[in-house]
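Q: Compact mmCIF, C-alpha atoms, file work_33.txt:
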```txt
# COMPACT_ATOMS: atom_id res chain seq x y z
CA MET A 1476 -101.45 207.94 129.39
CA ALA A 1477 -104.12 205.22 129.52
CA ALA A 1478 -101.40 202.56 129.41
CA ARG A 1479 -99.65 204.16 132.40
CA ILE A 1480 -102.91 204.22 134.39
CA ILE A 1481 -103.57 200.56 133.60
CA LEU A 1482 -100.00 199.64 134.60
CA GLY A 1483 -100.37 201.60 137.83
CA VAL A 1484 -103.63 199.87 138.71
CA ALA A 1485 -102.12 196.47 137.92
CA LEU A 1486 -99.11 197.13 140.14
CA LEU A 1487 -101.37 198.34 142.96
CA ALA A 1488 -103.48 195.18 142.69
CA LEU A 1489 -100.35 193.03 142.74
CA VAL A 1490 -98.99 194.74 145.83
CA SER A 1491 -102.39 194.54 147.55
CA SER A 1492 -102.73 190.83 146.84
CA HIS A 1493 -99.31 190.12 148.37
CA ALA A 1494 -100.11 192.28 151.36
CA SER A 1495 -103.33 190.42 152.17
CA ALA A 1496 -102.19 186.90 151.29
CA SER A 1497 -100.84 186.02 154.74
CA ASP A 1498 -99.81 187.39 158.11
CA PRO A 1499 -97.87 190.70 158.01
CA SER A 1500 -94.17 190.19 157.27
CA PRO A 1501 -91.79 190.88 160.16
CA LEU A 1502 -89.66 194.03 159.95
CA GLN A 1503 -86.85 192.49 162.00
CA ASP A 1504 -85.42 188.99 162.54
CA PHE A 1505 -88.15 188.14 165.03
CA CYS A 1506 -90.80 189.65 167.29
CA VAL A 1507 -91.14 187.26 170.21
CA ALA A 1508 -94.55 187.68 171.84
CA ASP A 1509 -94.62 189.60 175.09
CA TYR A 1510 -97.56 188.01 176.89
CA ASP A 1511 -97.30 190.53 179.74
CA SER A 1512 -97.65 193.62 177.57
CA ASN A 1513 -100.77 195.77 177.99
CA VAL A 1514 -100.45 197.07 174.42
CA PHE A 1515 -103.33 195.85 172.22
CA VAL A 1516 -102.12 195.03 168.71
CA ASN A 1517 -102.99 192.63 165.88
CA GLY A 1518 -101.06 189.69 167.29
CA PHE A 1519 -98.73 190.34 170.22
CA ALA A 1520 -96.40 193.16 171.15
CA CYS A 1521 -92.69 192.35 170.89
CA LYS A 1522 -90.52 191.36 173.79
CA LYS A 1523 -87.33 193.41 174.06
CA PRO A 1524 -84.63 191.60 172.03
CA LYS A 1525 -82.23 191.57 174.99
CA ASP A 1526 -84.80 189.55 176.97
CA VAL A 1527 -85.30 186.90 174.27
CA THR A 1528 -83.92 183.40 174.92
CA ALA A 1529 -83.79 180.13 172.98
CA ASP A 1530 -86.73 178.87 175.04
CA ASP A 1531 -88.95 181.45 173.32
CA PHE A 1532 -88.58 179.42 170.10
CA TYR A 1533 -88.89 175.99 171.74
CA PHE A 1534 -91.88 173.70 172.29
CA THR A 1535 -91.87 170.15 173.60
CA GLY A 1536 -94.48 167.44 173.97
CA LEU A 1537 -95.62 166.74 170.43
CA ASP A 1538 -94.42 163.17 170.84
CA GLN A 1539 -96.98 162.65 173.61
CA THR A 1540 -100.39 161.13 172.91
CA ALA A 1541 -103.15 163.43 174.12
CA SER A 1542 -106.27 162.12 175.81
CA THR A 1543 -109.07 161.23 173.40
CA ALA A 1544 -111.58 160.53 176.17
CA ASN A 1545 -114.41 162.65 174.79
CA ARG A 1546 -117.53 162.10 172.69
CA LEU A 1547 -115.65 162.63 169.43
CA GLY A 1548 -112.63 160.49 170.33
CA ALA A 1549 -110.10 163.03 169.07
CA ASN A 1550 -107.80 165.68 170.49
CA ILE A 1551 -105.96 168.58 168.84
CA THR A 1552 -102.81 170.03 170.38
CA LEU A 1553 -102.37 173.45 168.78
CA VAL A 1554 -98.98 175.16 168.64
CA THR A 1555 -99.66 178.77 167.71
CA ALA A 1556 -98.32 182.13 168.80
CA ASN A 1557 -100.56 181.76 171.87
CA ARG A 1558 -98.34 178.93 173.13
CA LEU A 1559 -95.00 179.47 171.38
CA PRO A 1560 -94.01 183.15 171.61
CA GLY A 1561 -91.33 182.88 168.94
CA LEU A 1562 -94.02 182.28 166.30
CA ASN A 1563 -95.31 185.84 166.64
CA THR A 1564 -95.24 187.60 163.21
CA LEU A 1565 -93.68 184.56 161.47
CA GLY A 1566 -96.88 183.42 159.75
CA VAL A 1567 -96.72 179.70 160.63
CA ALA A 1568 -98.23 177.35 163.19
CA MET A 1569 -98.80 173.61 163.61
CA SER A 1570 -100.77 171.01 165.51
CA ARG A 1571 -100.83 167.36 166.47
CA VAL A 1572 -104.13 165.50 166.12
CA ASP A 1573 -104.76 162.24 168.00
CA TYR A 1574 -107.62 159.97 166.95
CA ALA A 1575 -109.06 156.98 168.78
CA PRO A 1576 -110.51 154.24 166.53
CA PHE A 1577 -113.41 155.67 164.48
CA ALA A 1578 -112.83 159.13 165.95
CA LEU A 1579 -113.90 162.35 164.27
CA ASN A 1580 -112.27 165.74 163.93
CA PRO A 1581 -115.61 167.39 163.11
CA PRO A 1582 -116.33 169.79 160.26
CA HIS A 1583 -114.56 173.06 160.96
CA SER A 1584 -112.70 175.88 159.24
CA HIS A 1585 -109.63 178.06 159.79
CA PRO A 1586 -110.55 181.63 158.77
CA HIS A 1587 -106.95 182.87 158.75
CA ALA A 1588 -104.95 180.07 157.13
CA SER A 1589 -104.67 177.19 154.70
CA GLU A 1590 -103.61 173.84 156.18
CA ILE A 1591 -101.60 170.83 155.06
CA LEU A 1592 -102.20 167.61 157.01
CA HIS A 1593 -99.64 164.79 157.19
CA VAL A 1594 -100.73 161.35 158.43
CA ALA A 1595 -98.09 159.85 160.73
CA GLU A 1596 -100.02 156.75 161.85
CA GLY A 1597 -103.28 155.10 160.85
CA THR A 1598 -105.80 155.69 158.08
CA LEU A 1599 -108.02 158.76 157.79
CA TYR A 1600 -110.87 159.80 155.54
CA ALA A 1601 -110.39 163.55 155.05
CA GLY A 1602 -111.98 166.19 152.89
CA PHE A 1603 -113.21 169.72 152.42
CA VAL A 1604 -116.29 171.39 150.97
CA THR A 1605 -116.13 174.30 148.54
CA SER A 1606 -117.86 177.65 148.80
CA ASN A 1607 -121.34 178.00 147.26
CA THR A 1608 -121.13 177.58 143.48
CA ALA A 1609 -123.53 177.10 140.57
CA GLN A 1610 -122.80 173.37 140.92
CA GLY A 1611 -123.49 173.42 144.65
CA ASN A 1612 -120.98 172.80 147.44
CA ARG A 1613 -118.50 170.27 146.08
CA LEU A 1614 -116.85 167.71 148.39
CA PHE A 1615 -113.21 166.84 147.77
CA ALA A 1616 -112.29 163.87 149.98
CA LYS A 1617 -109.80 161.03 150.02
CA LYS A 1618 -108.69 158.12 152.18
CA LEU A 1619 -105.24 158.88 153.57
CA LYS A 1620 -102.74 156.36 154.88
CA LYS A 1621 -99.47 156.73 156.75
CA GLY A 1622 -97.12 159.06 154.85
CA ASP A 1623 -99.89 160.80 152.89
CA ALA A 1624 -100.66 164.53 152.97
CA PHE A 1625 -103.76 166.54 152.10
CA VAL A 1626 -104.35 170.29 151.71
CA PHE A 1627 -107.33 172.23 153.08
CA PRO A 1628 -107.72 175.69 151.49
CA GLN A 1629 -108.13 178.70 153.77
CA GLY A 1630 -111.59 179.25 155.22
CA LEU A 1631 -113.21 176.11 153.77
CA ILE A 1632 -115.02 173.60 155.98
CA HIS A 1633 -113.06 170.36 156.34
CA PHE A 1634 -112.89 167.23 158.51
CA GLN A 1635 -111.03 164.01 159.27
CA PHE A 1636 -112.42 160.64 160.34
CA ASN A 1637 -110.36 157.67 161.55
CA VAL A 1638 -111.66 154.79 159.43
CA GLY A 1639 -109.40 152.26 161.13
CA ASP A 1640 -109.83 150.21 164.30
CA THR A 1641 -106.48 151.45 165.66
CA ASP A 1642 -105.31 154.83 166.90
CA ALA A 1643 -104.21 157.40 164.34
CA VAL A 1644 -101.93 160.45 164.51
CA ALA A 1645 -101.59 163.39 162.13
CA PHE A 1646 -99.60 166.62 162.11
CA ALA A 1647 -100.88 169.81 160.51
CA SER A 1648 -99.07 172.95 159.37
CA PHE A 1649 -100.79 176.31 158.93
CA GLY A 1650 -99.95 179.46 156.97
CA SER A 1651 -100.64 181.75 159.92
CA GLN A 1652 -99.34 182.21 163.45
CA SER A 1653 -103.01 182.13 164.51
CA PRO A 1654 -105.12 180.15 162.01
CA GLY A 1655 -108.33 180.48 164.02
CA LEU A 1656 -110.82 177.67 164.49
CA VAL A 1657 -114.57 177.62 163.84
CA THR A 1658 -116.22 174.25 164.52
CA ALA A 1659 -119.41 174.30 162.45
CA ALA A 1660 -121.77 172.53 164.86
CA ASN A 1661 -120.40 174.33 167.93
CA ALA A 1662 -120.78 177.72 166.27
CA LEU A 1663 -124.33 177.12 165.08
CA LEU A 1664 -125.75 175.16 168.01
CA GLY A 1665 -123.49 176.01 170.94
CA SER A 1666 -123.05 179.77 170.67
CA HIS A 1667 -123.43 182.06 173.70
CA PRO A 1668 -126.05 183.45 173.70
CA PRO A 1669 -127.78 180.90 171.47
CA ILE A 1670 -128.95 181.77 167.99
CA PRO A 1671 -132.78 182.01 168.11
CA ASP A 1672 -134.48 178.77 167.09
CA TYR A 1673 -136.73 180.60 164.62
CA ILE A 1674 -133.55 181.44 162.69
CA LEU A 1675 -131.84 178.06 162.95
CA ALA A 1676 -134.89 175.86 162.37
CA PRO A 1677 -135.52 176.90 158.74
CA ALA A 1678 -131.79 177.28 158.07
CA VAL A 1679 -131.03 173.63 158.94
CA GLN A 1680 -134.50 172.34 157.96
CA LEU A 1681 -135.38 171.04 161.42
CA ASP A 1682 -138.28 171.83 163.70
CA LYS A 1683 -137.82 174.20 166.63
CA THR A 1684 -138.16 171.39 169.20
CA THR A 1685 -135.21 169.54 167.69
CA VAL A 1686 -133.15 172.72 167.48
CA ASP A 1687 -133.92 173.55 171.12
CA TRP A 1688 -132.81 170.04 172.15
CA LEU A 1689 -129.60 170.29 170.14
CA GLN A 1690 -128.75 173.66 171.68
CA LYS A 1691 -128.94 172.11 175.15
CA GLN A 1692 -126.34 169.46 174.32
CA PRO A 1693 -122.68 169.80 175.40
CA TRP A 1694 -120.66 170.63 172.27
CA VAL A 1695 -117.12 169.31 172.56
CA ASP A 1696 -114.10 171.47 171.74
CA ILE A 1697 -111.22 169.09 171.03
CA ALA A 1698 -108.64 171.80 170.34
CA GLN A 1699 -106.26 172.33 173.25
CA GLU A 1700 -104.67 175.77 173.14
CA ALA A 1701 -103.44 178.08 175.89
CA SER A 1702 -104.87 181.58 175.67
```
In structure tokens, how does this file's structure come out?
A:
Amino acid sequence: MAARIILGVALLALVSSHASASDPSPLQDFCVADYDSNVFVNGFACKKPKDVTADDFYFTGLDQTASTANRLGANITLVTANRLPGLNTLGVAMSRVDYAPFALNPPHSHPHASEILHVAEGTLYAGFVTSNTAQGNRLFAKKLKKGDAFVFPQGLIHFQFNVGDTDAVAFASFGSQSPGLVTAANALLGSHPPIPDYILAPAVQLDKTTVDWLQKQPWVDIAQEAS
């Protein structure tokens, strides 16, 4: 009897782990997002199959260099279910990242997905930081050249920096139709309303005057995504 209970618990844990590992699996061939629907669901409601066309699965423009005229010198073109309706329920997304010389894609995380980055042009220094451990927050980083790829585990803070004096381009793939994006500095110092300085000052080991000044700065969002 005890063996049966243990087996049952093990099977339940296995099923639960698969169920929570990624976006929900589709129950039909596709569920093209209906952006006009008033139904609120986790993701998007489905467009009627008879109204679906090939254009719902099509995106163009990833060959175009995006403007990097901002303080960070980088630009992210996200292709998620918010822009490509055919991605709805399929559990994948992608992006193109353009970097000016010495540009930074600042420390950020994707709460809903792991990421694999492929360098198409240029040389990047990329890495991620682990969760809190007994050994501290470990940095795993590497210089990447054209043709290299690097993985960023789900939810961990990561970054890329163009170490070259020429433009760089990378393409990223995500294990979610909507990976989410939390830019660390923007979230801490550019939130609306702002986090009280008496909370941030000891947390980042700065005085309140410096925190107040930082919160007044314009925090750049380099991710371009239709909503």
Q: List the spatial neighbours of A:Lys1618 as a list of chain:residue names - criterion: any atom at most 9 Å away, only C-alpha atoms, same-chain residues fewer than 4 positions off excluded.
A: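 My list of contacting residues is A:Thr1598, A:Leu1599, A:Tyr1600, A:Ala1601, A:Gly1602, A:Val1638.
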Q: Output C-alpha atoms of each residue in that selection to a file, as a PDB file, in the frame of the given file.
A:
```pdb
ATOM      1  CA  THR A1598    -105.800 155.690 158.080  1.00  0.00           C
ATOM      2  CA  LEU A1599    -108.020 158.760 157.790  1.00  0.00           C
ATOM      3  CA  TYR A1600    -110.870 159.800 155.540  1.00  0.00           C
ATOM      4  CA  ALA A1601    -110.390 163.550 155.050  1.00  0.00           C
ATOM      5  CA  GLY A1602    -111.980 166.190 152.890  1.00  0.00           C
ATOM      6  CA  VAL A1638    -111.660 154.790 159.430  1.00  0.00           C
TER       7      VAL A1638
END
```
Q: Could you give me, as a compact mmCIF listing (two decimals) with C-alpha atoms, in the frame of the given file, the residues within 9 Å of A:Phe1603, counting all atoms listed in the file and dropping anything in the same chain fewer than 6 positions from it?
A:
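Contents of the output file out.txt:
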```txt
# COMPACT_ATOMS: atom_id res chain seq x y z
CA PRO A 1582 -116.33 169.79 160.26
CA ARG A 1613 -118.50 170.27 146.08
CA LEU A 1614 -116.85 167.71 148.39
CA PHE A 1615 -113.21 166.84 147.77
CA ALA A 1616 -112.29 163.87 149.98
CA VAL A 1626 -104.35 170.29 151.71
CA PHE A 1627 -107.33 172.23 153.08
CA PRO A 1628 -107.72 175.69 151.49
CA LEU A 1631 -113.21 176.11 153.77
CA ILE A 1632 -115.02 173.60 155.98
CA HIS A 1633 -113.06 170.36 156.34
CA PHE A 1634 -112.89 167.23 158.51
```
Q: Report, in Å to a single decimal, how far apart atom CA of A:Gly1650 and atom CA of A:Asp1509 are.
A: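 Taking atom CA of A:Asp1509 and atom CA of A:Gly1650, their separation equals 21.4 Å.
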Q: List the neighbours of A:Leu1592 out to 10 Å using only C-alpha atoms; skip same-chain residues closer than 5 positions along the sequence, and give me the result as a VMD selection string.
A: chain A and resid 1569 to 1572 1601 1619 1623 to 1627 1635 1645 to 1649
Q: Under the rule that all atoms listed in the file are counted, which of A:Ser1584, A:Lys1523, A:Ile1591, A:Lys1617 is the nearest residue to A:Thr1605?
A: A:Ser1584
Q: Quick one: distance from atom CA of A:Lys1522 to atom CA of A:Gly1561 in Å, one decimal?
A: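 These two atoms are separated by 9.8 Å.
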Q: So, counting all atoms listed in the file, which residue among A:Thr1685, A:Asn1513, A:Thr1641, A:Thr1555 is closest to A:Leu1656?
A: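 Closest to A:Leu1656, using all atoms listed in the file: A:Thr1555.
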Q: Hey, can you check how far atom CA of A:Cys1521 sits from atom CA of A:Asp1504?
A: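 Calculated distance between atom CA of A:Cys1521 and atom CA of A:Asp1504 is 11.6 Å.
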Q: Which is closest to A:Gly1639 among A:Pro1677, A:Pro1501, A:Gly1536, A:Gly1597, if we use all atoms listed in the file?
A: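 Closest to A:Gly1639 of all the choices is A:Gly1597.
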Q: Could you tell me which of A:Pro1560, A:Phe1505, A:Ala1529, A:Gly1630 comes closest to A:Val1657 if we count only C-alpha atoms?
A: A:Gly1630
Q: From the list A:Ala1678, A:Val1567, A:Ala1575, A:Cys1506, which residue is nearest A:Ser1542 when using only C-alpha atoms?
A: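 Ranked by minimum distance to A:Ser1542, first place goes to A:Ala1575.
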Q: Which residues come within 7 Å of stretch 1659-1668 of chain A, counting only C-alpha atoms, excluding same-chain residues fewer than 3 positions away, as a list in words?
A: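 In the requested format, the answer is Pro1582, His1583, Leu1689, Gln1690 and Trp1694 of chain A.
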Q: I'd like the contact shell of A:Thr1552 - 8 Å cut-off, all atoms listed in the file, skipping same-chain residues fewer than 2 positions apart - returned as a ChimeraX atom specification.
A: /A:1537,1541,1550,1554,1570-1572,1698-1700
Q: I need the residues from that last selection saved to file as a CSV table (one decimal), keeping the file's coordinate frame (with C-alpha atoms), if you can.
A:
```csv
chain,number,residue,atom,x,y,z
A,1537,LEU,CA,-95.6,166.7,170.4
A,1541,ALA,CA,-103.2,163.4,174.1
A,1550,ASN,CA,-107.8,165.7,170.5
A,1554,VAL,CA,-99.0,175.2,168.6
A,1570,SER,CA,-100.8,171.0,165.5
A,1571,ARG,CA,-100.8,167.4,166.5
A,1572,VAL,CA,-104.1,165.5,166.1
A,1698,ALA,CA,-108.6,171.8,170.3
A,1699,GLN,CA,-106.3,172.3,173.2
A,1700,GLU,CA,-104.7,175.8,173.1
```
Q: Closest to A:Phe1519 among A:Gly1611, A:His1585, A:Ile1697, A:Ser1653, using only C-alpha atoms?
A: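 Of A:Gly1611, A:His1585, A:Ile1697, A:Ser1653, the one nearest A:Phe1519, counting only C-alpha atoms, is A:Ser1653.
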Q: Save stretch 1624-1651 of chain A from what I just supplied, as a PDB file, in the first residue's frame, atoms limited to N, CA and C atoms.
A:
```pdb
ATOM      1  N   ALA A1624      26.758  30.964 -29.495  1.00  0.00           N
ATOM      2  CA  ALA A1624      25.461  31.028 -28.817  1.00  0.00           C
ATOM      3  C   ALA A1624      25.680  30.898 -27.321  1.00  0.00           C
ATOM      4  N   PHE A1625      24.749  31.466 -26.556  1.00  0.00           N
ATOM      5  CA  PHE A1625      24.850  31.429 -25.096  1.00  0.00           C
ATOM      6  C   PHE A1625      23.448  31.336 -24.523  1.00  0.00           C
ATOM      7  N   VAL A1626      23.298  30.557 -23.440  1.00  0.00           N
ATOM      8  CA  VAL A1626      21.982  30.330 -22.834  1.00  0.00           C
ATOM      9  C   VAL A1626      21.850  31.129 -21.549  1.00  0.00           C
ATOM     10  N   PHE A1627      20.675  31.753 -21.367  1.00  0.00           N
ATOM     11  CA  PHE A1627      20.331  32.449 -20.136  1.00  0.00           C
ATOM     12  C   PHE A1627      19.147  31.725 -19.498  1.00  0.00           C
ATOM     13  N   PRO A1628      19.333  31.114 -18.330  1.00  0.00           N
ATOM     14  CA  PRO A1628      18.237  30.383 -17.685  1.00  0.00           C
ATOM     15  C   PRO A1628      17.082  31.301 -17.285  1.00  0.00           C
ATOM     16  N   GLN A1629      15.906  30.739 -17.259  1.00  0.00           N
ATOM     17  CA  GLN A1629      14.679  31.482 -16.960  1.00  0.00           C
ATOM     18  C   GLN A1629      14.777  32.256 -15.646  1.00  0.00           C
ATOM     19  N   GLY A1630      14.392  33.525 -15.693  1.00  0.00           N
ATOM     20  CA  GLY A1630      14.273  34.343 -14.500  1.00  0.00           C
ATOM     21  C   GLY A1630      15.560  34.933 -13.968  1.00  0.00           C
ATOM     22  N   LEU A1631      16.732  34.531 -14.501  1.00  0.00           N
ATOM     23  CA  LEU A1631      17.997  35.033 -13.972  1.00  0.00           C
ATOM     24  C   LEU A1631      18.414  36.328 -14.676  1.00  0.00           C
ATOM     25  N   ILE A1632      19.010  37.227 -13.915  1.00  0.00           N
ATOM     26  CA  ILE A1632      19.469  38.502 -14.470  1.00  0.00           C
ATOM     27  C   ILE A1632      20.642  38.249 -15.419  1.00  0.00           C
ATOM     28  N   HIS A1633      20.570  38.863 -16.606  1.00  0.00           N
ATOM     29  CA  HIS A1633      21.622  38.684 -17.599  1.00  0.00           C
ATOM     30  C   HIS A1633      21.814  39.971 -18.401  1.00  0.00           C
ATOM     31  N   PHE A1634      22.839  40.010 -19.239  1.00  0.00           N
ATOM     32  CA  PHE A1634      23.210  41.231 -19.961  1.00  0.00           C
ATOM     33  C   PHE A1634      24.051  40.874 -21.176  1.00  0.00           C
ATOM     34  N   GLN A1635      24.209  41.861 -22.059  1.00  0.00           N
ATOM     35  CA  GLN A1635      25.172  41.764 -23.158  1.00  0.00           C
ATOM     36  C   GLN A1635      25.805  43.133 -23.360  1.00  0.00           C
ATOM     37  N   PHE A1636      27.100  43.139 -23.671  1.00  0.00           N
ATOM     38  CA  PHE A1636      27.837  44.371 -23.927  1.00  0.00           C
ATOM     39  C   PHE A1636      28.669  44.187 -25.194  1.00  0.00           C
ATOM     40  N   ASN A1637      28.553  45.141 -26.116  1.00  0.00           N
ATOM     41  CA  ASN A1637      29.327  45.085 -27.352  1.00  0.00           C
ATOM     42  C   ASN A1637      30.739  45.562 -27.062  1.00  0.00           C
ATOM     43  N   VAL A1638      31.690  44.642 -27.045  1.00  0.00           N
ATOM     44  CA  VAL A1638      33.070  44.994 -26.710  1.00  0.00           C
ATOM     45  C   VAL A1638      33.850  45.482 -27.926  1.00  0.00           C
ATOM     46  N   GLY A1639      33.224  45.439 -29.103  1.00  0.00           N
ATOM     47  CA  GLY A1639      33.913  45.855 -30.313  1.00  0.00           C
ATOM     48  C   GLY A1639      33.636  47.298 -30.690  1.00  0.00           C
ATOM     49  N   ASP A1640      34.430  47.821 -31.639  1.00  0.00           N
ATOM     50  CA  ASP A1640      34.236  49.187 -32.114  1.00  0.00           C
ATOM     51  C   ASP A1640      33.424  49.224 -33.407  1.00  0.00           C
ATOM     52  N   THR A1641      32.722  48.116 -33.689  1.00  0.00           N
ATOM     53  CA  THR A1641      31.801  48.049 -34.825  1.00  0.00           C
ATOM     54  C   THR A1641      30.427  47.613 -34.327  1.00  0.00           C
ATOM     55  N   ASP A1642      29.415  47.798 -35.166  1.00  0.00           N
ATOM     56  CA  ASP A1642      28.071  47.372 -34.798  1.00  0.00           C
ATOM     57  C   ASP A1642      28.017  45.858 -34.604  1.00  0.00           C
ATOM     58  N   ALA A1643      27.088  45.422 -33.779  1.00  0.00           N
ATOM     59  CA  ALA A1643      26.872  43.997 -33.557  1.00  0.00           C
ATOM     60  C   ALA A1643      25.383  43.690 -33.673  1.00  0.00           C
ATOM     61  N   VAL A1644      25.081  42.432 -34.022  1.00  0.00           N
ATOM     62  CA  VAL A1644      23.695  41.976 -34.147  1.00  0.00           C
ATOM     63  C   VAL A1644      23.592  40.587 -33.523  1.00  0.00           C
ATOM     64  N   ALA A1645      22.516  40.372 -32.774  1.00  0.00           N
ATOM     65  CA  ALA A1645      22.260  39.049 -32.205  1.00  0.00           C
ATOM     66  C   ALA A1645      20.775  38.732 -32.342  1.00  0.00           C
ATOM     67  N   PHE A1646      20.467  37.439 -32.377  1.00  0.00           N
ATOM     68  CA  PHE A1646      19.080  36.979 -32.406  1.00  0.00           C
ATOM     69  C   PHE A1646      18.861  36.064 -31.212  1.00  0.00           C
ATOM     70  N   ALA A1647      17.729  36.260 -30.533  1.00  0.00           N
ATOM     71  CA  ALA A1647      17.419  35.470 -29.347  1.00  0.00           C
ATOM     72  C   ALA A1647      16.136  34.681 -29.564  1.00  0.00           C
ATOM     73  N   SER A1648      16.096  33.480 -29.002  1.00  0.00           N
ATOM     74  CA  SER A1648      14.891  32.654 -29.006  1.00  0.00           C
ATOM     75  C   SER A1648      14.479  32.397 -27.564  1.00  0.00           C
ATOM     76  N   PHE A1649      13.162  32.386 -27.325  1.00  0.00           N
ATOM     77  CA  PHE A1649      12.624  32.237 -25.978  1.00  0.00           C
ATOM     78  C   PHE A1649      11.666  31.050 -25.910  1.00  0.00           C
ATOM     79  N   GLY A1650      11.595  30.436 -24.724  1.00  0.00           N
ATOM     80  CA  GLY A1650      10.698  29.307 -24.516  1.00  0.00           C
ATOM     81  C   GLY A1650       9.339  29.721 -24.001  1.00  0.00           C
ATOM     82  N   SER A1651       8.822  30.843 -24.496  1.00  0.00           N
ATOM     83  CA  SER A1651       7.491  31.304 -24.136  1.00  0.00           C
ATOM     84  C   SER A1651       6.999  32.248 -25.216  1.00  0.00           C
TER      85      SER A1651
END
```
